[in-house]
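Structure first, commentary second.
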Amino acid sequence: MKGVELTWAGGVHDFKLTIDLLRGLQDKCDAGPQFILERLGTRRWFINDITETIRFGLEGGGLHKEAARKLVKDFVEDRPLTESVMIAQAVLMSALFGSEDDMPGEPAAGEVSQSATRSREASGGSPASTNGPASSPETSVE
């Protein structure tokens with residue numbers, strides 16, 4: 001897993017939450033990562049959901065612990081907290097869902113892999129139509 005690079009606090013920073021850092025976050029927030037992400041998305045977050053997600057993410061991205069704490073103090077704790085919610089969400093989403101670069105061999109949305117095309121052709125099938133679903137008398141609505 002690569003992590004995510006975000007523009008924040010006057011610069012570009014690397015954020016990454018490894019399994020060990022996610023466990024630390026879980027302990028600090030008394031909730032699992034997906035639950036924290038849901039709280040952030042529904043505006044029912046706790047302060048640690050924001051501060052600790054960003055701090056652990058900075059540490060996982062390679063920043064020294066003291067430097068990460070100082071950035072969080074200066075750019076999260078000393079400012080309106082809602083300014084940092086989206087950063088915390090992006091850091092967690094990167095850890096939970098990854099990015100396209102993290103999924104080797106997976107075709108991008110809308111693409112069909114060459115092996116899937118060859119497999120379908122060998123079995124006598126044809127590629128799916130892009131014109132939408134065909135209607136039949138049983139399923140059409142008038």
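The way I read the labels, and the way they are meant: chains A, B, ... in the order of the structure tokens, residue 1 as the first residue of every chain, and ligand 1 as the first ligand shown, with later ones counted on from there.
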
### Query
Could you pull the residues within 10 Å of Leu92 in chain A, counting only C-alpha atoms, minus those fewer than 2 positions along the same chain, as a VMD selection string?
chain A and resid 3 to 4 15 to 17 22 33 to 34 36 to 37 40 53 to 54 57 86 to 90 94 to 98

### Query
Just asking: which residues within range 1-102 of chain A are strand (DSSP E) according to DSSP, as a ChimeraX atom specification?
/A:4-8,11-15

### Task
For range 27-30 of chain A, work out the shell of residues within 8 Å, counting only C-alpha atoms and skipping chain neighbours fewer than 6 positions away, then give it as a list in words.
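Final neighbour list, sorted by chain and number: Ile36, Phe46, Asn48, Asp49 and Glu52 of chain A.
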
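Among the candidate residues A:Ile50, A:Glu59, A:Ser99, A:Leu71, the one lying nearest to Asp20 in chain A is A:Glu59, with distances computed using only C-alpha atoms.
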
### Message
Ranking A:Glu66, A:Pro80, A:Glu38, A:Val72 by minimum distance to Trp8 in chain A and counting only C-alpha atoms, which one comes first?
### Response
A:Val72

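CA of Thr42 in chain A sits 27.0 Å away from CA of Gly10 in chain A.
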